[in-house]
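Note: the block below is my_file-v1.txt and it holds compact mmCIF, C-alpha atoms.
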# COMPACT_ATOMS: atom_id res chain seq x y z
CA MET A 1 -50.99 36.43 38.38
CA ASN A 2 -54.07 34.48 37.41
CA MET A 3 -54.46 36.69 34.38
CA THR A 4 -51.10 35.67 33.05
CA GLN A 5 -51.40 31.89 33.53
CA PRO A 6 -53.44 31.15 30.36
CA THR A 7 -50.99 33.24 28.32
CA VAL A 8 -48.04 31.31 29.73
CA ARG A 9 -49.82 27.99 29.07
CA ILE A 10 -50.55 28.97 25.49
CA SER A 11 -46.98 30.09 24.97
CA ILE A 12 -45.60 26.82 26.31
CA LEU A 13 -48.03 24.86 24.18
CA SER A 14 -47.06 26.87 21.09
CA LEU A 15 -43.39 26.36 21.79
CA ALA A 16 -43.88 22.63 22.28
CA LEU A 17 -45.82 22.38 19.04
CA ALA A 18 -43.23 24.42 17.20
CA LEU A 19 -40.42 22.23 18.56
CA MET A 20 -42.31 19.08 17.68
CA SER A 21 -42.86 20.24 14.14
CA ALA A 22 -39.23 21.36 13.80
CA THR A 23 -37.72 18.16 15.15
CA SER A 24 -40.24 15.61 14.01
CA ALA A 25 -38.68 12.93 11.83
CA PRO A 26 -39.85 12.45 8.29
CA ALA A 27 -41.94 9.39 7.61
CA ALA A 28 -40.05 6.25 8.64
CA SER A 29 -37.99 4.60 5.90
CA SER A 30 -39.24 1.38 4.39
CA LYS A 31 -37.45 -1.68 3.15
CA THR A 32 -37.98 -0.39 -0.38
CA ASP A 33 -36.25 2.88 0.52
CA PHE A 34 -33.34 0.86 1.87
CA ASN A 35 -33.17 -1.34 -1.22
CA ILE A 36 -33.05 1.70 -3.49
CA ALA A 37 -30.42 3.50 -1.40
CA TYR A 38 -28.32 0.35 -1.02
CA ALA A 39 -28.41 -0.45 -4.74
CA ALA A 40 -27.21 3.08 -5.59
CA ALA A 41 -24.38 2.84 -3.04
CA GLU A 42 -23.36 -0.62 -4.19
CA ALA A 43 -23.28 0.46 -7.84
CA ALA A 44 -21.02 3.41 -7.00
CA HIS A 45 -18.74 1.18 -4.91
CA LYS A 46 -18.51 -1.28 -7.79
CA GLU A 47 -17.59 1.54 -10.16
CA ALA A 48 -14.82 2.55 -7.73
CA GLY A 49 -13.69 -1.08 -7.84
CA ARG A 50 -13.56 -0.96 -11.63
CA LEU A 51 -11.27 2.06 -11.19
CA ARG A 52 -9.22 0.03 -8.65
CA ASN A 53 -9.86 2.65 -6.00
CA GLN A 54 -12.35 1.43 -3.40
CA TRP A 55 -12.23 2.86 0.10
CA THR A 56 -12.44 0.73 3.24
CA VAL A 57 -14.87 3.19 4.83
CA THR A 58 -17.33 2.68 1.97
CA ALA A 59 -17.29 -1.05 2.53
CA GLU A 60 -17.84 -0.46 6.25
CA ALA A 61 -20.79 1.88 5.62
CA LEU A 62 -22.34 -0.70 3.27
CA ALA A 63 -21.93 -3.40 5.91
CA ASN A 64 -23.48 -1.11 8.53
CA ALA A 65 -26.43 -0.48 6.23
CA LYS A 66 -27.01 -4.19 5.78
CA ARG A 67 -26.72 -4.87 9.50
CA ALA A 68 -29.26 -2.15 10.32
CA ALA A 69 -31.67 -3.45 7.67
CA ASP A 70 -31.36 -6.99 9.04
CA LYS A 71 -32.46 -5.62 12.41
CA GLY A 72 -35.40 -3.82 10.83
CA ASP A 73 -33.88 -0.37 11.43
CA PHE A 74 -34.56 1.02 7.96
CA ASP A 75 -33.92 4.64 8.95
CA GLY A 76 -30.43 3.70 10.08
CA ALA A 77 -29.96 1.45 7.06
CA VAL A 78 -30.89 4.20 4.60
CA ALA A 79 -28.62 6.70 6.38
CA SER A 80 -25.66 4.29 6.19
CA ALA A 81 -26.37 3.45 2.56
CA LYS A 82 -26.46 7.14 1.67
CA GLU A 83 -23.19 7.66 3.51
CA ALA A 84 -21.70 4.74 1.55
CA GLU A 85 -22.88 6.23 -1.73
CA ALA A 86 -21.33 9.61 -0.90
CA LEU A 87 -18.02 7.95 0.03
CA ALA A 88 -18.02 5.81 -3.11
CA LYS A 89 -18.68 8.86 -5.27
CA ALA A 90 -15.79 10.66 -3.57
CA SER A 91 -13.50 7.70 -4.35
CA ILE A 92 -14.61 7.79 -7.98
CA PHE A 93 -13.89 11.51 -8.13
CA GLN A 94 -10.47 10.90 -6.61
CA ALA A 95 -9.61 8.17 -9.12
CA THR A 96 -10.78 10.30 -12.02
CA SER A 97 -8.98 13.48 -11.00
CA GLU A 98 -5.78 11.60 -10.13
CA LYS A 99 -5.48 10.35 -13.71
CA GLU A 100 -3.66 13.62 -14.38
CA ALA A 101 -3.13 15.13 -10.91
CA TRP A 102 -0.52 12.50 -9.88
CA LYS A 103 2.02 14.28 -12.05
CA ASN A 104 1.99 17.25 -9.68
CA LEU A 105 3.73 15.17 -7.02
CA GLU A 106 6.39 13.73 -9.28
CA ILE A 107 10.07 14.34 -8.52
CA ARG A 108 11.61 15.91 -11.60
CA MET B 1 9.72 22.21 -22.34
CA THR B 2 6.99 22.41 -19.68
CA PRO B 3 7.20 20.14 -16.61
CA THR B 4 4.08 18.25 -17.74
CA VAL B 5 5.64 17.42 -21.09
CA ALA B 6 8.80 16.31 -19.29
CA ALA B 7 6.70 14.06 -17.05
CA ASP B 8 4.99 12.54 -20.06
CA ALA B 9 8.26 11.73 -21.78
CA LEU B 10 9.44 8.37 -20.50
CA ASP B 11 13.03 8.63 -19.36
CA PRO B 12 13.74 6.21 -16.51
CA VAL B 13 17.42 7.17 -16.40
CA ALA B 14 16.54 10.84 -15.84
CA ASP B 15 13.86 9.81 -13.31
CA ALA B 16 16.33 7.77 -11.28
CA LYS B 17 18.84 10.61 -11.30
CA ALA B 18 16.22 13.14 -10.18
CA PHE B 19 14.98 10.71 -7.51
CA ARG B 20 18.45 10.22 -6.03
CA ASN B 21 19.26 13.94 -6.21
CA TYR B 22 16.05 14.84 -4.39
CA PHE B 23 16.83 12.64 -1.38
CA VAL B 24 20.53 13.44 -1.29
CA ALA B 25 19.72 17.16 -1.32
CA LYS B 26 16.97 16.75 1.31
CA PHE B 27 19.25 14.78 3.64
CA PRO B 28 22.79 16.01 2.95
CA HIS B 29 24.06 14.37 6.16
CA VAL B 30 22.94 10.86 5.08
CA LYS B 31 25.35 8.82 2.96
CA PRO B 32 23.51 7.59 -0.16
CA GLU B 33 24.07 3.91 0.70
CA ASP B 34 22.62 4.56 4.17
CA PHE B 35 19.14 5.32 2.83
CA VAL B 36 18.48 1.56 2.76
CA ASN B 37 18.30 1.69 6.54
CA GLY B 38 15.11 3.70 6.34
CA PRO B 39 14.17 5.66 9.44
CA TYR B 40 17.39 4.58 11.14
CA SER B 41 19.35 6.69 8.69
CA MET B 42 17.30 9.77 9.63
CA ASN B 43 17.44 9.73 13.41
CA GLU B 44 20.54 9.31 15.57
CA ASP B 45 18.74 7.91 18.64
CA MET B 46 16.89 5.30 16.61
CA ARG B 47 20.07 4.40 14.78
CA ARG B 48 21.86 3.63 18.04
CA GLN B 49 18.97 1.47 19.22
CA TRP B 50 18.94 -0.36 15.88
CA GLU B 51 22.69 -1.03 15.94
CA GLU B 52 22.31 -2.66 19.34
CA LYS B 53 19.25 -4.60 18.17
CA GLU B 54 21.17 -5.89 15.15
CA GLN B 55 23.44 -7.87 17.48
CA PHE B 56 20.47 -10.19 18.10
CA PRO B 57 18.25 -9.29 15.17
CA PRO B 58 14.53 -10.06 15.47
CA TYR B 59 14.44 -11.52 11.95
CA GLU B 60 16.95 -14.23 12.84
CA PHE B 61 14.35 -16.96 13.42
CA SER B 62 12.72 -16.20 10.09
CA LEU B 63 16.09 -16.21 8.37
CA ASP B 64 16.92 -19.64 9.79
CA MET B 65 13.52 -20.93 8.78
CA GLY B 66 13.99 -19.57 5.25
CA LYS B 67 17.40 -21.17 4.91
CA GLU B 68 15.99 -24.52 5.97
CA MET B 69 12.98 -24.22 3.67
CA PHE B 70 15.15 -23.22 0.75
CA ALA B 71 17.40 -26.25 1.14
CA LYS B 72 14.58 -28.75 1.60
CA ALA B 73 13.66 -30.71 -1.53
CA PHE B 74 10.12 -30.70 -2.91
CA ASN B 75 8.22 -33.98 -3.07
CA ASN B 76 9.47 -34.48 -6.63
CA GLY B 77 13.09 -34.27 -5.48
CA LYS B 78 13.76 -30.84 -6.98
CA SER B 79 14.22 -27.64 -4.96
CA TYR B 80 14.06 -23.86 -5.20
CA ALA B 81 17.65 -23.82 -6.39
CA ASP B 82 16.54 -25.54 -9.60
CA CYS B 83 14.24 -22.62 -10.47
CA PHE B 84 16.70 -19.73 -10.23
CA PRO B 85 19.96 -18.54 -11.76
CA ASN B 86 23.01 -19.29 -9.60
CA GLN B 87 20.84 -21.74 -7.61
CA GLY B 88 19.04 -18.74 -6.11
CA ILE B 89 22.04 -17.49 -4.17
CA GLY B 90 22.97 -13.78 -4.35
CA ILE B 91 20.33 -12.86 -6.93
CA ARG B 92 17.84 -10.71 -4.97
CA GLN B 93 19.23 -7.52 -6.51
CA ASN B 94 17.97 -8.57 -9.95
CA TYR B 95 14.30 -8.76 -8.91
CA PRO B 96 11.83 -7.72 -10.10
CA TYR B 97 12.64 -8.17 -13.77
CA PHE B 98 10.62 -7.70 -16.92
CA ASP B 99 9.83 -10.99 -18.62
CA ALA B 100 9.80 -10.41 -22.37
CA LYS B 101 8.02 -13.69 -23.12
CA GLU B 102 5.15 -12.91 -20.78
CA GLY B 103 5.26 -9.15 -21.19
CA LYS B 104 4.95 -8.70 -17.41
CA VAL B 105 7.00 -7.83 -14.35
CA ILE B 106 8.10 -10.84 -12.31
CA THR B 107 8.86 -10.26 -8.64
CA LEU B 108 10.84 -12.58 -6.41
CA GLU B 109 7.69 -13.51 -4.46
CA LEU B 110 5.88 -14.41 -7.66
CA ALA B 111 8.87 -16.37 -8.98
CA LEU B 112 9.04 -18.37 -5.73
CA ASN B 113 5.39 -19.36 -5.92
CA ARG B 114 5.68 -20.21 -9.59
CA CYS B 115 8.62 -22.42 -8.70
CA ARG B 116 6.52 -24.19 -6.11
CA GLU B 117 3.58 -24.70 -8.44
CA ALA B 118 5.82 -25.89 -11.29
CA ASN B 119 7.06 -28.57 -8.91
CA GLY B 120 3.65 -29.68 -7.72
CA GLU B 121 3.64 -27.72 -4.46
CA PRO B 122 0.83 -25.39 -3.36
CA PRO B 123 1.66 -21.67 -3.44
CA PHE B 124 2.34 -19.80 -0.21
CA SER B 125 0.35 -16.78 0.89
CA TYR B 126 2.12 -13.65 -0.33
CA VAL B 127 1.60 -12.02 3.03
CA GLY B 128 2.48 -15.03 5.19
CA ASP B 129 5.46 -16.08 7.26
CA GLU B 130 6.72 -18.74 4.83
CA MET B 131 7.11 -16.28 1.94
CA ALA B 132 8.73 -13.79 4.29
CA ALA B 133 11.20 -16.44 5.47
CA LEU B 134 12.15 -17.53 1.95
CA THR B 135 12.67 -13.99 0.70
CA ALA B 136 14.58 -13.14 3.89
CA TYR B 137 17.05 -15.89 3.17
CA MET B 138 17.42 -14.92 -0.49
CA ALA B 139 17.93 -11.26 0.46
CA TYR B 140 20.51 -12.26 3.06
CA THR B 141 22.59 -14.09 0.47
CA SER B 142 22.53 -10.88 -1.61
CA ARG B 143 23.45 -8.38 1.10
CA GLY B 144 25.70 -5.63 -0.15
CA LYS B 145 24.95 -6.28 -3.82
CA PRO B 146 23.58 -3.17 -5.51
CA PHE B 147 20.09 -3.19 -6.97
CA ASP B 148 20.50 -3.85 -10.69
CA ILE B 149 17.04 -3.58 -12.22
CA LYS B 150 16.94 -3.50 -16.01
CA ILE B 151 14.37 -1.90 -18.25
CA PRO B 152 14.81 -3.61 -21.60
CA ASP B 153 14.22 -1.80 -24.86
CA ASP B 154 10.63 -2.96 -25.01
CA PRO B 155 7.62 -0.61 -24.96
CA ARG B 156 5.80 -3.01 -22.63
CA ALA B 157 8.61 -2.75 -20.07
CA LEU B 158 8.52 1.03 -20.27
CA GLU B 159 4.76 0.92 -19.85
CA ALA B 160 5.10 -1.26 -16.75
CA TYR B 161 7.66 1.17 -15.35
CA GLN B 162 5.39 4.13 -16.08
CA ASN B 163 2.40 2.35 -14.51
CA GLY B 164 4.47 1.76 -11.38
CA LYS B 165 5.48 5.39 -11.28
CA ARG B 166 1.88 6.53 -11.68
CA TYR B 167 0.76 4.21 -8.88
CA PHE B 168 3.48 5.59 -6.60
CA TYR B 169 2.36 9.19 -7.03
CA THR B 170 -1.41 8.63 -7.21
CA ARG B 171 -3.44 9.69 -4.19
CA ARG B 172 -5.87 7.08 -2.92
CA GLY B 173 -7.92 6.08 0.08
CA GLN B 174 -10.13 8.31 2.18
CA LEU B 175 -7.01 9.98 3.60
CA ASN B 176 -6.08 11.05 0.07
CA PHE B 177 -2.46 9.91 0.44
CA SER B 178 -0.12 8.66 -2.24
CA CYS B 179 2.97 6.57 -1.49
CA ALA B 180 4.89 9.80 -2.15
CA THR B 181 2.95 11.74 0.49
CA CYS B 182 4.73 9.80 3.22
CA HIS B 183 7.90 8.59 1.56
CA VAL B 184 8.85 11.58 -0.62
CA GLN B 185 7.25 14.59 1.01
CA ASN B 186 7.66 13.55 4.64
CA PRO B 187 10.49 11.06 5.23
CA GLY B 188 12.15 11.64 8.57
CA GLU B 189 8.93 13.15 9.95
CA ARG B 190 6.76 11.45 12.51
CA MET B 191 3.44 9.83 11.68
CA ARG B 192 2.11 9.17 15.15
CA ALA B 193 4.92 7.17 16.78
CA GLU B 194 6.66 6.20 13.55
CA ILE B 195 9.41 7.94 11.63
CA LEU B 196 8.63 7.69 7.93
CA ALA B 197 11.20 6.02 5.71
CA PRO B 198 12.52 7.62 2.53
CA ALA B 199 11.35 6.03 -0.73
CA PHE B 200 14.94 5.94 -1.98
CA GLY B 201 16.15 2.46 -1.02
CA ILE B 202 12.92 1.52 0.73
CA LEU B 203 12.71 -1.95 -0.84
CA ASN B 204 16.38 -2.81 -0.32
CA ALA B 205 15.70 -3.87 3.26
CA MET B 206 12.73 -6.11 2.46
CA PRO B 207 11.41 -8.33 3.86
CA ILE B 208 11.28 -6.70 7.26
CA TYR B 209 10.54 -7.64 10.83
CA ARG B 210 8.19 -5.03 12.23
CA SER B 211 7.67 -4.68 15.94
CA GLU B 212 4.25 -3.26 15.08
CA TRP B 213 3.37 -6.55 13.32
CA GLY B 214 5.19 -8.72 15.83
CA GLY B 215 6.65 -10.65 12.93
CA MET B 216 8.09 -10.65 9.44
CA GLY B 217 6.43 -9.06 6.47
CA THR B 218 6.92 -9.41 2.73
CA ILE B 219 6.80 -6.60 0.20
CA SER B 220 3.23 -7.69 -0.54
CA ARG B 221 2.32 -7.33 3.12
CA ARG B 222 3.91 -3.89 3.30
CA LEU B 223 2.11 -2.59 0.20
CA THR B 224 -1.33 -3.95 1.11
CA THR B 225 -0.96 -2.63 4.67
CA CYS B 226 -0.02 0.82 3.36
CA ASN B 227 -3.24 0.86 1.35
CA SER B 228 -5.35 -0.14 4.36
CA GLN B 229 -3.71 2.49 6.55
CA ILE B 230 -4.89 5.26 4.25
CA ARG B 231 -8.36 3.67 4.18
CA GLY B 232 -8.06 2.25 0.71
CA VAL B 233 -9.15 -1.30 -0.09
CA PRO B 234 -5.90 -3.13 -0.90
CA LEU B 235 -5.58 -4.85 -4.25
CA GLU B 236 -4.91 -8.56 -4.28
CA PRO B 237 -1.27 -9.29 -3.37
CA GLN B 238 0.93 -9.42 -6.49
CA ALA B 239 -1.67 -7.54 -8.53
CA GLU B 240 -0.10 -6.09 -11.66
CA GLU B 241 -0.19 -2.60 -10.12
CA TYR B 242 1.88 -3.73 -7.13
CA ARG B 243 4.36 -5.57 -9.31
CA ASP B 244 4.79 -2.49 -11.52
CA LEU B 245 5.18 -0.34 -8.42
CA GLU B 246 7.92 -2.65 -7.17
CA TYR B 247 9.60 -2.43 -10.58
CA TYR B 248 9.57 1.38 -10.49
CA LEU B 249 10.70 1.72 -6.87
CA SER B 250 13.48 -0.83 -7.30
CA TYR B 251 14.70 0.77 -10.53
CA VAL B 252 15.00 4.25 -9.01
CA SER B 253 17.01 2.70 -6.16
CA ASN B 254 19.49 1.06 -8.54
CA GLY B 255 23.00 1.15 -7.16
CA LEU B 256 21.95 1.01 -3.51
CA PRO B 257 22.93 -2.18 -1.69
CA ILE B 258 20.52 -4.92 -0.66
CA SER B 259 20.28 -4.82 3.13
CA GLY B 260 17.42 -7.22 3.76
CA PRO B 261 16.14 -8.77 5.79
CA GLY B 262 15.60 -5.66 7.84
CA SER B 263 13.88 -4.65 11.03
CA ARG B 264 11.69 -1.66 11.65
CA PRO B 265 9.81 -0.30 14.67
Any chance you could give the structure as structure tokens?
Amino acid sequence: MNMTQPTVRISILSLALALMSATSAPAASSKTDFNIAYAAAEAAHKEAGRLRNQWTVTAEALANAKRAADKGDFDGAVASAKEAEALAKASIFQATSEKEAWKNLEIR
Amino acid sequence: MTPTVAADALDPVADAKAFRNYFVAKFPHVKPEDFVNGPYSMNEDMRRQWEEKEQFPPYEFSLDMGKEMFAKAFNNGKSYADCFPNQGIGIRQNYPYFDAKEGKVITLELALNRCREANGEPPFSYVGDEMAALTAYMAYTSRGKPFDIKIPDDPRALEAYQNGKRYFYTRRGQLNFSCATCHVQNPGERMRAEILAPAFGILNAMPIYRSEWGGMGTISRRLTTCNSQIRGVPLEPQAEEYRDLEYYLSYVSNGLPISGPGSRP
């Protein structure tokens, strides 16, 4: 029994280290990271606006990003800004593809 | 001729015929003039409830308010009647129209606010109760008159019509819905607790009292709300796109009677 205890301890320690390395967060986001992510999202949302096709969920994600940044939660702010950018890009894709695709729904 | 080429060729008369035929074929049991009653034409139970509700219609207060507002003179002594043909009575079926001088579509809501501003009065909100009341009264005086929307021989009018058609069929919002997704592909079906109305005749009943809103709503309110519901940011009320959409939808419902003001669940 005693012979096995160090082995068990080492195994547990290895597992804990492995888990820590697997789940450890990347370096915390900074205000600069947020500013860059937010500017990219805002630009895409504005482009969707130029195409007259903004989505409400993009605006909500942008607002969430700003709220998180105001609280100093830059990880959350960057995540929301990236979500907003992805949504805005999807709305741009939709507006662009629908320039022709709308005809598929037309009653003829 | 391929379908795409046919779609590109502008032929509003053929469009309107195809539009009517689609709905008549989809709902052979519904009389064409009954489509203006929206979901009530599709479902027998709802129709019975509606007929009973119509004995004390929920839009009555708004209608009375609109009648009173319409008759009341502006501060300069003039009134709405001075701004419209036939003093504004029985003319709803002619709106929207294409204004050749301006090169744009003019809706009834826009014409009412222009009338106010021309007489020194502030404009009403396009999604507010006052506009709903005024248009309710004007629709009421036109009940039974068939939609009679004209597309003059003017390339700008055809372009406005085509823009409206494109808007109607274009998917938007995170839900990726077009107007046609609900009102062409799925009328009569349920969307949560609602039964979707057919696009054919959908504007004839406007403005409408909606139990969901707990009040009256204008066409502007209906269109902007539709956009929000599919998670799209609505355009400003009476944006050119909405006016063109109204032009298209009204034109393809030509011949169906005005039934507004209406009520919906």
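Nearest to A:Ala43 of all the residues A:Val78, A:Asn104, A:Thr58, A:Thr96 is A:Thr58, based on only C-alpha atoms.
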Per residue of stretch 110-175 of chain B within 12 Å of stretch 256-263 of chain B, record the nearest atom pair and its distance in Å to one decimal, counting all atoms listed in the file, with rows in chain order and ascending residue number, as a Markdown table.
| residue | atom | partner | partner_atom | distance |
| --- | --- | --- | --- | --- |
| B:Ala132 | CA | B:Pro261 | CA | 9.1 |
| B:Ala133 | CA | B:Pro261 | CA | 9.1 |
| B:Leu134 | CA | B:Pro261 | CA | 10.4 |
| B:Thr135 | CA | B:Pro261 | CA | 8.1 |
| B:Ala136 | CA | B:Pro261 | CA | 5.0 |
| B:Tyr137 | CA | B:Pro261 | CA | 7.6 |
| B:Met138 | CA | B:Gly260 | CA | 8.8 |
| B:Ala139 | CA | B:Gly260 | CA | 5.2 |
| B:Tyr140 | CA | B:Gly260 | CA | 6.0 |
| B:Thr141 | CA | B:Gly260 | CA | 9.2 |
| B:Ser142 | CA | B:Ile258 | CA | 6.4 |
| B:Arg143 | CA | B:Ile258 | CA | 4.9 |
| B:Gly144 | CA | B:Pro257 | CA | 4.7 |
| B:Lys145 | CA | B:Pro257 | CA | 5.0 |
| B:Pro146 | CA | B:Pro257 | CA | 4.0 |
| B:Phe147 | CA | B:Leu256 | CA | 5.8 |
| B:Asp148 | CA | B:Leu256 | CA | 8.8 |
| B:Ile149 | CA | B:Leu256 | CA | 11.0 |
Of A:Ile92, A:Ala81, A:Ala101, A:Ala48, the one nearest to A:Asn35 when counting all atoms listed in the file is A:Ala81
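One distance worth recording is that between atom CA of B:Ala25 and atom CA of B:Ala157, which is 29.5 Å.
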If we count all atoms listed in the file, which residues of chain B reach to within 10 Å of chain A? Please list them as a PyMOL selection string. chain B and resi 3-4+6-8+14-23+165-176+178+180-181+184-185+227-235+241
Separation of atom CA of B:Phe61 from atom CA of B:Tyr209 in Å: 10.4 Å
List as a PDB file with C-alpha atoms, in the coordinates of the input the protein and nucleic acid residues near B:Phe70, meaning an atom at most 7 Å away when all atoms listed in the file are counted, but skip any in the same chain fewer than 2 places from it.
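Contents of the output file part.pdb:
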ATOM      1  CA  GLY B  66      13.990 -19.570   5.250  1.00  0.00           C
ATOM      2  CA  LYS B  67      17.400 -21.170   4.910  1.00  0.00           C
ATOM      3  CA  GLU B  68      15.990 -24.520   5.970  1.00  0.00           C
ATOM      4  CA  LYS B  72      14.580 -28.750   1.600  1.00  0.00           C
ATOM      5  CA  TYR B  80      14.060 -23.860  -5.200  1.00  0.00           C
ATOM      6  CA  LEU B 134      12.150 -17.530   1.950  1.00  0.00           C
TER       7      LEU B 134
END
With only C-alpha atoms as the counted atoms, please give the residues lying no more than 10 Å from B:Leu10, apart from itself and same-chain residues fewer than 6 positions off, as a ChimeraX atom specification. /B:158-159,161-162
